[in-house]
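Text of run.txt (compact mmCIF, C-alpha atoms) as supplied:
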```
# COMPACT_ATOMS: atom_id res chain seq x y z
CA MET A 1 22.11 -35.60 -2.03
CA LEU A 2 21.03 -33.02 0.54
CA LYS A 3 18.66 -34.57 3.09
CA ALA A 4 17.95 -31.66 5.46
CA ILE A 5 18.82 -28.08 6.39
CA ASP A 6 19.34 -27.31 10.08
CA MET A 7 18.17 -23.71 10.38
CA HIS A 8 19.52 -23.15 13.90
CA ALA A 9 23.03 -24.10 15.03
CA HIS A 10 25.32 -22.18 17.37
CA ILE A 11 29.04 -21.54 17.13
CA PHE A 12 31.25 -19.54 19.48
CA THR A 13 33.49 -16.73 18.25
CA GLY A 14 35.75 -14.04 19.68
CA ASP A 15 35.80 -13.91 23.49
CA ARG A 16 33.06 -16.54 23.63
CA ALA A 17 35.23 -18.97 21.65
CA LYS A 18 38.11 -18.40 24.07
CA GLN A 19 35.77 -19.05 26.98
CA GLN A 20 34.59 -22.30 25.37
CA LEU A 21 38.18 -23.35 24.65
CA SER A 22 39.07 -22.94 28.32
CA GLN A 23 36.28 -25.41 29.10
CA ALA A 24 37.13 -27.87 26.31
CA GLY A 25 36.14 -31.43 27.13
CA VAL A 26 33.77 -30.32 29.86
CA PRO A 27 30.23 -31.54 29.17
CA SER A 28 27.64 -28.82 28.55
CA ALA A 29 24.37 -28.70 30.47
CA THR A 30 22.82 -31.08 27.95
CA GLY A 31 25.52 -33.69 28.41
CA HIS A 32 27.06 -33.23 24.96
CA GLN A 33 30.74 -32.51 24.46
CA ARG A 34 31.71 -29.17 22.99
CA ILE A 35 33.22 -29.67 19.54
CA SER A 36 35.08 -27.45 17.11
CA VAL A 37 33.45 -25.82 14.10
CA ASP A 38 35.59 -28.05 11.88
CA ASP A 39 34.11 -31.08 13.64
CA MET A 40 30.64 -29.59 13.24
CA ALA A 41 31.20 -29.29 9.50
CA GLN A 42 32.27 -32.92 9.29
CA MET A 43 29.21 -33.97 11.29
CA TYR A 44 26.81 -32.16 8.95
CA GLN A 45 28.63 -33.48 5.89
CA ARG A 46 28.33 -37.04 7.23
CA LEU A 47 24.60 -36.48 7.78
CA GLU A 48 24.20 -34.94 4.30
CA MET A 49 22.88 -31.72 5.78
CA MET A 50 23.53 -28.01 5.61
CA ALA A 51 23.29 -25.76 8.66
CA VAL A 52 22.68 -22.10 9.40
CA ILE A 53 25.28 -21.07 11.98
CA PHE A 54 25.64 -17.96 14.16
CA ASP A 55 26.88 -16.53 17.44
CA VAL A 56 24.97 -14.01 19.59
CA ASP A 57 26.31 -10.53 20.40
CA GLN A 58 25.36 -9.73 23.99
CA GLU A 59 28.37 -7.61 24.87
CA THR A 60 26.41 -4.90 26.71
CA ARG A 61 25.12 -7.46 29.19
CA THR A 62 28.10 -9.83 29.47
CA GLY A 63 31.12 -7.85 28.30
CA LEU A 64 32.07 -10.67 25.90
CA LYS A 65 32.80 -9.79 22.28
CA ILE A 66 31.88 -12.04 19.36
CA SER A 67 33.24 -11.91 15.81
CA ASN A 68 30.92 -11.92 12.82
CA ALA A 69 34.05 -12.04 10.70
CA GLU A 70 34.86 -15.45 12.19
CA THR A 71 31.39 -16.70 11.24
CA ALA A 72 31.94 -15.41 7.72
CA GLY A 73 35.28 -17.20 7.67
CA TRP A 74 33.65 -20.54 8.42
CA ILE A 75 31.19 -19.97 5.57
CA LYS A 76 34.08 -19.39 3.18
CA LYS A 77 35.79 -22.55 4.41
CA TYR A 78 32.68 -24.71 4.14
CA PRO A 79 30.42 -23.06 1.53
CA LYS A 80 28.55 -26.28 0.74
CA THR A 81 27.87 -27.02 4.41
CA PHE A 82 27.31 -23.74 6.24
CA ILE A 83 25.17 -20.66 5.73
CA GLY A 84 26.05 -17.84 8.12
CA TYR A 85 23.94 -15.32 10.00
CA GLY A 86 25.41 -12.36 11.84
CA SER A 87 24.41 -10.88 15.18
CA VAL A 88 24.45 -7.39 16.67
CA ASP A 89 23.88 -6.14 20.18
CA PRO A 90 20.83 -3.84 19.74
CA TRP A 91 22.05 -1.52 22.51
CA LYS A 92 25.02 -0.41 20.38
CA GLY A 93 22.84 1.94 18.31
CA LYS A 94 24.42 3.21 15.10
CA ALA A 95 27.35 0.83 15.56
CA ALA A 96 24.87 -2.04 15.43
CA VAL A 97 23.34 -0.70 12.20
CA ASP A 98 26.81 -0.32 10.69
CA GLU A 99 27.63 -3.89 11.71
CA VAL A 100 24.53 -5.16 9.89
CA ASP A 101 25.94 -3.59 6.72
CA ARG A 102 29.33 -5.16 7.39
CA CYS A 103 27.72 -8.57 7.90
CA ALA A 104 26.02 -8.32 4.52
CA ASP A 105 29.30 -7.26 2.90
CA MET A 106 30.96 -10.37 4.38
CA GLY A 107 28.34 -12.65 2.87
CA LEU A 108 26.26 -13.35 5.97
CA ARG A 109 22.65 -14.03 5.05
CA GLY A 110 20.59 -12.92 8.06
CA MET A 111 20.71 -11.62 11.64
CA LYS A 112 20.15 -13.43 14.93
CA PHE A 113 18.72 -11.89 18.13
CA GLN A 114 18.26 -13.41 21.60
CA GLN A 115 16.11 -10.91 23.47
CA ALA A 116 16.47 -12.59 26.88
CA THR A 117 20.27 -12.61 26.98
CA GLN A 118 20.54 -9.31 25.08
CA ALA A 119 17.99 -7.78 27.49
CA PHE A 120 15.92 -5.85 24.96
CA GLU A 121 12.27 -5.47 24.06
CA PRO A 122 12.23 -6.00 20.29
CA SER A 123 9.45 -3.57 19.41
CA ASN A 124 11.04 -0.64 21.28
CA LYS A 125 11.40 2.09 18.66
CA ARG A 126 15.06 2.73 19.47
CA PHE A 127 15.86 -0.61 17.80
CA LEU A 128 13.86 -0.09 14.59
CA PRO A 129 16.79 1.26 12.52
CA ILE A 130 18.39 -2.19 12.83
CA TYR A 131 15.36 -3.84 11.20
CA GLU A 132 15.25 -1.14 8.54
CA ALA A 133 18.86 -1.95 7.68
CA CYS A 134 17.95 -5.64 7.43
CA ILE A 135 15.12 -4.81 5.03
CA ARG A 136 17.39 -2.63 2.91
CA LEU A 137 19.89 -5.49 2.66
CA ASN A 138 17.26 -8.25 2.30
CA LEU A 139 18.42 -9.99 5.47
CA PRO A 140 15.87 -12.06 7.39
CA VAL A 141 15.99 -12.05 11.19
CA ILE A 142 15.71 -14.74 13.85
CA PHE A 143 14.16 -13.86 17.22
CA HIS A 144 14.28 -16.18 20.21
CA THR A 145 10.77 -17.01 21.47
CA GLY A 146 9.55 -18.75 24.60
CA THR A 147 11.52 -19.65 27.70
CA THR A 148 15.26 -20.22 27.77
CA ALA A 149 17.46 -22.78 29.51
CA ILE A 150 20.10 -20.09 30.07
CA SER A 151 20.37 -19.44 33.84
CA ALA A 152 17.25 -21.57 34.41
CA GLY A 153 16.92 -22.62 38.02
CA THR A 154 19.31 -20.00 39.36
CA PRO A 155 18.13 -17.36 41.85
CA GLY A 156 16.26 -14.74 39.83
CA GLY A 157 17.12 -16.62 36.64
CA GLY A 158 20.34 -14.65 36.43
CA GLY A 159 18.34 -11.46 36.01
CA ILE A 160 17.04 -12.61 32.60
CA LEU A 161 13.51 -11.50 31.68
CA LEU A 162 11.46 -14.02 29.72
CA GLU A 163 8.85 -11.41 28.81
CA TYR A 164 10.99 -10.07 25.95
CA CYS A 165 10.62 -13.45 24.21
CA ARG A 166 6.83 -13.37 23.97
CA PRO A 167 5.40 -13.46 20.40
CA ILE A 168 2.46 -11.18 21.25
CA PRO A 169 2.86 -8.26 21.41
CA TYR A 170 6.54 -8.00 20.47
CA ILE A 171 7.07 -10.10 17.33
CA ASP A 172 3.54 -9.34 16.18
CA ARG A 173 4.28 -5.60 16.31
CA VAL A 174 7.56 -5.83 14.39
CA ALA A 175 5.95 -8.04 11.74
CA ALA A 176 3.04 -5.62 11.33
CA TRP A 177 5.25 -2.54 11.14
CA TYR A 178 7.64 -4.14 8.66
CA PRO A 179 5.79 -6.52 6.30
CA GLU A 180 8.91 -6.66 4.08
CA LEU A 181 10.97 -8.11 6.95
CA ARG A 182 11.08 -11.90 7.00
CA ILE A 183 11.05 -13.09 10.60
CA ILE A 184 11.80 -16.52 12.03
CA MET A 185 10.61 -17.23 15.56
CA ALA A 186 13.11 -19.66 17.03
CA HIS A 187 11.83 -22.64 19.04
CA PRO A 188 8.32 -23.72 19.99
CA ALA A 189 7.55 -20.65 22.12
CA TRP A 190 6.32 -22.39 25.27
CA PRO A 191 4.48 -21.19 27.29
CA TRP A 192 3.28 -18.85 24.52
CA HIS A 193 3.31 -21.36 21.66
CA ASP A 194 -0.35 -20.76 20.79
CA GLU A 195 0.38 -17.03 20.49
CA GLN A 196 3.26 -17.99 18.21
CA LEU A 197 0.95 -20.07 15.99
CA ALA A 198 -1.55 -17.21 15.83
CA VAL A 199 1.12 -14.75 14.70
CA MET A 200 2.33 -17.18 12.04
CA ARG A 201 -1.14 -17.70 10.65
CA HIS A 202 -1.89 -13.98 10.65
CA LYS A 203 1.43 -12.54 9.44
CA GLY A 204 2.62 -13.87 6.11
CA ASN A 205 6.18 -12.69 6.75
CA VAL A 206 6.61 -14.76 9.93
CA TYR A 207 8.01 -18.31 10.15
CA MET A 208 9.26 -20.61 12.92
CA ASP A 209 11.97 -23.17 13.50
CA LEU A 210 11.50 -26.19 15.73
CA SER A 211 14.88 -25.97 17.42
CA GLY A 212 15.77 -26.27 21.08
CA TRP A 213 13.15 -28.90 21.91
CA ALA A 214 13.38 -32.65 21.61
CA PRO A 215 10.50 -33.40 19.21
CA LYS A 216 8.90 -35.88 21.62
CA TYR A 217 8.17 -32.90 23.88
CA PHE A 218 6.61 -30.63 21.22
CA PRO A 219 3.26 -29.18 22.38
CA GLU A 220 0.36 -30.92 20.65
CA SER A 221 -0.89 -27.72 19.01
CA VAL A 222 2.53 -27.13 17.45
CA VAL A 223 2.56 -30.61 15.90
CA GLN A 224 -1.03 -30.24 14.68
CA ASN A 225 -0.45 -26.86 13.04
CA ALA A 226 2.93 -27.81 11.58
CA ASN A 227 1.19 -30.77 9.98
CA THR A 228 -1.61 -28.65 8.49
CA LEU A 229 -2.15 -24.89 8.48
CA ILE A 230 1.48 -23.70 8.73
CA GLN A 231 3.21 -26.61 7.01
CA ASP A 232 4.91 -24.28 4.51
CA LYS A 233 6.33 -21.98 7.21
CA VAL A 234 8.05 -24.42 9.58
CA PHE A 235 11.74 -25.36 9.58
CA PHE A 236 13.88 -28.09 11.11
CA GLY A 237 16.36 -26.70 13.61
CA SER A 238 18.38 -28.50 16.26
CA ASP A 239 19.81 -25.64 18.37
CA PHE A 240 23.10 -27.55 18.29
CA PRO A 241 24.92 -28.15 20.62
CA VAL A 242 21.80 -28.14 22.82
CA LEU A 243 20.50 -31.04 20.73
CA THR A 244 22.30 -33.07 18.13
CA PRO A 245 20.69 -33.18 14.70
CA GLU A 246 20.74 -36.99 14.92
CA ARG A 247 18.57 -37.00 18.03
CA TRP A 248 16.20 -34.41 16.60
CA ILE A 249 15.73 -36.33 13.34
CA SER A 250 15.27 -39.63 15.18
CA GLU A 251 12.50 -38.26 17.40
CA PHE A 252 10.88 -36.26 14.59
CA ALA A 253 10.48 -39.51 12.63
CA LYS A 254 8.18 -40.78 15.38
CA LEU A 255 5.78 -37.82 15.25
CA PRO A 256 2.46 -38.16 13.38
CA ILE A 257 3.59 -35.91 10.51
CA LYS A 258 2.19 -36.52 7.04
CA GLU A 259 4.64 -37.98 4.56
CA THR A 260 3.89 -35.05 2.26
CA VAL A 261 4.75 -32.56 5.01
CA ARG A 262 7.85 -34.18 6.47
CA PRO A 263 10.21 -33.23 3.58
CA LYS A 264 8.89 -29.68 3.66
CA ILE A 265 9.91 -29.25 7.29
CA LEU A 266 13.24 -31.01 6.91
CA LEU A 267 14.39 -29.46 3.65
CA HIS A 268 12.12 -27.78 1.13
CA ASN A 269 10.73 -24.91 3.23
CA ALA A 270 14.24 -23.87 4.27
CA ALA A 271 15.62 -24.18 0.74
CA LYS A 272 12.88 -21.90 -0.57
CA PHE A 273 13.40 -19.41 2.27
CA LEU A 274 17.15 -19.33 1.68
CA GLY A 275 16.88 -19.26 -2.11
CA LEU A 276 18.80 -22.51 -2.55
CA ASP A 277 18.60 -24.52 -5.76
CA LEU A 278 18.32 -28.10 -4.55
CA SER A 279 19.16 -29.46 -7.98
CA ALA A 280 22.63 -27.98 -7.56
CA THR A 281 23.29 -29.56 -4.15
```
What is this file in structure tokens?
Amino acid sequence: MLKAIDMHAHIFTGDRAKQQLSQAGVPSATGHQRISVDDMAQMYQRLEMMAVIFDVDQETRTGLKISNAETAGWIKKYPKTFIGYGSVDPWKGKAAVDEVDRCADMGLRGMKFQQATQAFEPSNKRFLPIYEACIRLNLPVIFHTGTTAISAGTPGGGGILLEYCRPIPYIDRVAAWYPELRIIMAHPAWPWHDEQLAVMRHKGNVYMDLSGWAPKYFPESVVQNANTLIQDKVFFGSDFPVLTPERWISEFAKLPIKETVRPKILLHNAAKFLGLDLSAT
């Protein structure tokens, strides 16, 4: 019986996978060991969970290539465990739009963006054809929101601009311009989490996942709204390997969430969003 759906888990593909392999066994910044995608699948199966997995294409900024085909391959290998999202580097223009089509053809179910590491302002009109392709193909999108641990504490933050990850005006604009586009804001968007909640309440096509934060550190307003006004629009997400799903679930159990709301956040909201028939799982 399916107990939860993790809506936010990272894998590494292409050049990024090779980079990770060269560092195998070296603890990540969070203290967790890097594990293979096969091991990830076994972990989620043991926990009786499914997970949405993806890599992030930031080739323009880093020079590293990912492979959406590899993500699709993992979905084919573990169809009862993984749902795959693709990713495109928005700076690639028409090639990015063509890759969105290719992702859909390969069976990937959405697109992931990380504006800080991809260095783009999401409501810039040069990137709108990408969203229009997503609408045409019925692919939802995930945008990173709030701060990021990537390059945190380094001089200049590695040149990364946090501004691109602000819900207002950027996500608010895209949601208003494209009401057919289903948008997930990833993570409690600290320090702009109240902006995030406002956008969610105002825009019916906008959702959020609770990934990337240990639940014991969730801002109070996020917990309050998730428990009440936006309870049908909030998803469990771990941001694995940043957090393990076990730790997230353990801490979430200690939050003052209504017993009627808890299963929505862990499972039912995501199943509805993804079009999954829980009776068949």
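Contact shell of A:Thr244 at 10 Å (all atoms listed in the file; same-chain neighbours under 2 positions omitted): Ala9, His32, Met43, Gly212, Ala214, Gly237, Ser238, Asp239, Phe240, Pro241, Val242, Glu246, Arg247, Trp248 and Ile249 of chain A.
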Written file, previous selection with C-alpha atoms, as a PDB file, in the frame of the given file:
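That gives us selection32.pdb:
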```pdb
ATOM      1  CA  ALA A   9      23.030 -24.100  15.030  1.00  0.00           C
ATOM      2  CA  HIS A  32      27.060 -33.230  24.960  1.00  0.00           C
ATOM      3  CA  MET A  43      29.210 -33.970  11.290  1.00  0.00           C
ATOM      4  CA  GLY A 212      15.770 -26.270  21.080  1.00  0.00           C
ATOM      5  CA  ALA A 214      13.380 -32.650  21.610  1.00  0.00           C
ATOM      6  CA  GLY A 237      16.360 -26.700  13.610  1.00  0.00           C
ATOM      7  CA  SER A 238      18.380 -28.500  16.260  1.00  0.00           C
ATOM      8  CA  ASP A 239      19.810 -25.640  18.370  1.00  0.00           C
ATOM      9  CA  PHE A 240      23.100 -27.550  18.290  1.00  0.00           C
ATOM     10  CA  PRO A 241      24.920 -28.150  20.620  1.00  0.00           C
ATOM     11  CA  VAL A 242      21.800 -28.140  22.820  1.00  0.00           C
ATOM     12  CA  GLU A 246      20.740 -36.990  14.920  1.00  0.00           C
ATOM     13  CA  ARG A 247      18.570 -37.000  18.030  1.00  0.00           C
ATOM     14  CA  TRP A 248      16.200 -34.410  16.600  1.00  0.00           C
ATOM     15  CA  ILE A 249      15.730 -36.330  13.340  1.00  0.00           C
TER      16      ILE A 249
END
```
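Using all atoms listed in the file, the smallest distance between any of A:Gln114, A:Thr81, A:Ser67, A:Ser36 and A:His144 comes from A:Gln114.
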Box for stretch 215-228 of chain A: with edges along x, y and z, all listed atoms inside and 8 Å added on each side, what are the centre and edge lengths in Å to one decimal, as AutoDock Vina command-line options?
```
--center_x 4.4 --center_y -31.4 --center_z 16.2 --size_x 28.1 --size_y 25.0 --size_z 31.4
```
Proximity of stretch 40-152 of chain A to stretch 181-195 of chain A: per-residue shortest pair, 6 Å limit, only C-alpha atoms, as CSV:
```
residue,atom,partner,partner_atom,distance
A:Ile135,CA,A:Leu181,CA,5.6
A:Pro140,CA,A:Arg182,CA,4.8
A:Val141,CA,A:Ile183,CA,5.1
A:Ile142,CA,A:Ile184,CA,4.7
A:Phe143,CA,A:Met185,CA,5.2
A:His144,CA,A:Ala186,CA,4.9
A:Thr145,CA,A:Ala189,CA,4.9
A:Gly146,CA,A:Ala189,CA,3.7
```
* Asked: Can you list, as a PyMOL selection string, every protein, DNA or RNA residue that comes within 12 Å of A:Tyr78 when you count only C-alpha atoms, leaving out same-chain residues fewer than 6 positions away?
  -> chain A and resi 37-42+44-45+50-53+71-72+84
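You will find atom CA of A:Ala198 at 18.7 Å from atom CA of A:Ile265.
Considering the residues A:Val56, A:Cys134, A:Met7, A:Leu210 and counting all atoms listed in the file, A:Val97 has its shortest atom-to-atom contact with A:Cys134.
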* Asked: Which distance in Å separates atom CA of A:Val88 and atom CA of A:Ala133, to one decimal?
  -> 11.9 Å
* **Nearest candidate to A:Tyr207 (options A:Ala270, A:Leu243, A:Ala176, A:Ala116; using only C-alpha atoms)** => A:Ala270
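Remark: for A:Phe218, the closest of the candidate residues A:Ala4, A:Val206, A:Leu255, A:Leu47 is A:Leu255 (distances computed over only C-alpha atoms).
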* Asked: Can you tell me, as a ChimeraX atom specification, what residues are no more than 12 Å from stretch 58-66 of chain A when counting only C-alpha atoms, ignoring any on the same chain fewer than 6 positions away?
  -> /A:11-20,86-93,96,99,112-120,158-160
* Would you mind telling me which residue in A:Asp232, A:Ser211, A:Lys254, A:Pro245 lies nearest to A:His268 when using all atoms listed in the file? => A:Asp232
Quick one: everything within 9 Å of A:Asp172, counting only C-alpha atoms, minus sequence neighbours fewer than 3 positions away in the same chain. Send it as a PDB file with C-alpha atoms, keeping the file's coordinate frame.
```
ATOM      1  CA  SER A 123       9.450  -3.570  19.410  1.00  0.00           C
ATOM      2  CA  PRO A 167       5.400 -13.460  20.400  1.00  0.00           C
ATOM      3  CA  ILE A 168       2.460 -11.180  21.250  1.00  0.00           C
ATOM      4  CA  PRO A 169       2.860  -8.260  21.410  1.00  0.00           C
ATOM      5  CA  ALA A 175       5.950  -8.040  11.740  1.00  0.00           C
ATOM      6  CA  ALA A 176       3.040  -5.620  11.330  1.00  0.00           C
ATOM      7  CA  TRP A 177       5.250  -2.540  11.140  1.00  0.00           C
ATOM      8  CA  GLN A 196       3.260 -17.990  18.210  1.00  0.00           C
ATOM      9  CA  VAL A 199       1.120 -14.750  14.700  1.00  0.00           C
ATOM     10  CA  MET A 200       2.330 -17.180  12.040  1.00  0.00           C
ATOM     11  CA  LYS A 203       1.430 -12.540   9.440  1.00  0.00           C
ATOM     12  CA  VAL A 206       6.610 -14.760   9.930  1.00  0.00           C
TER      13      VAL A 206
END
```
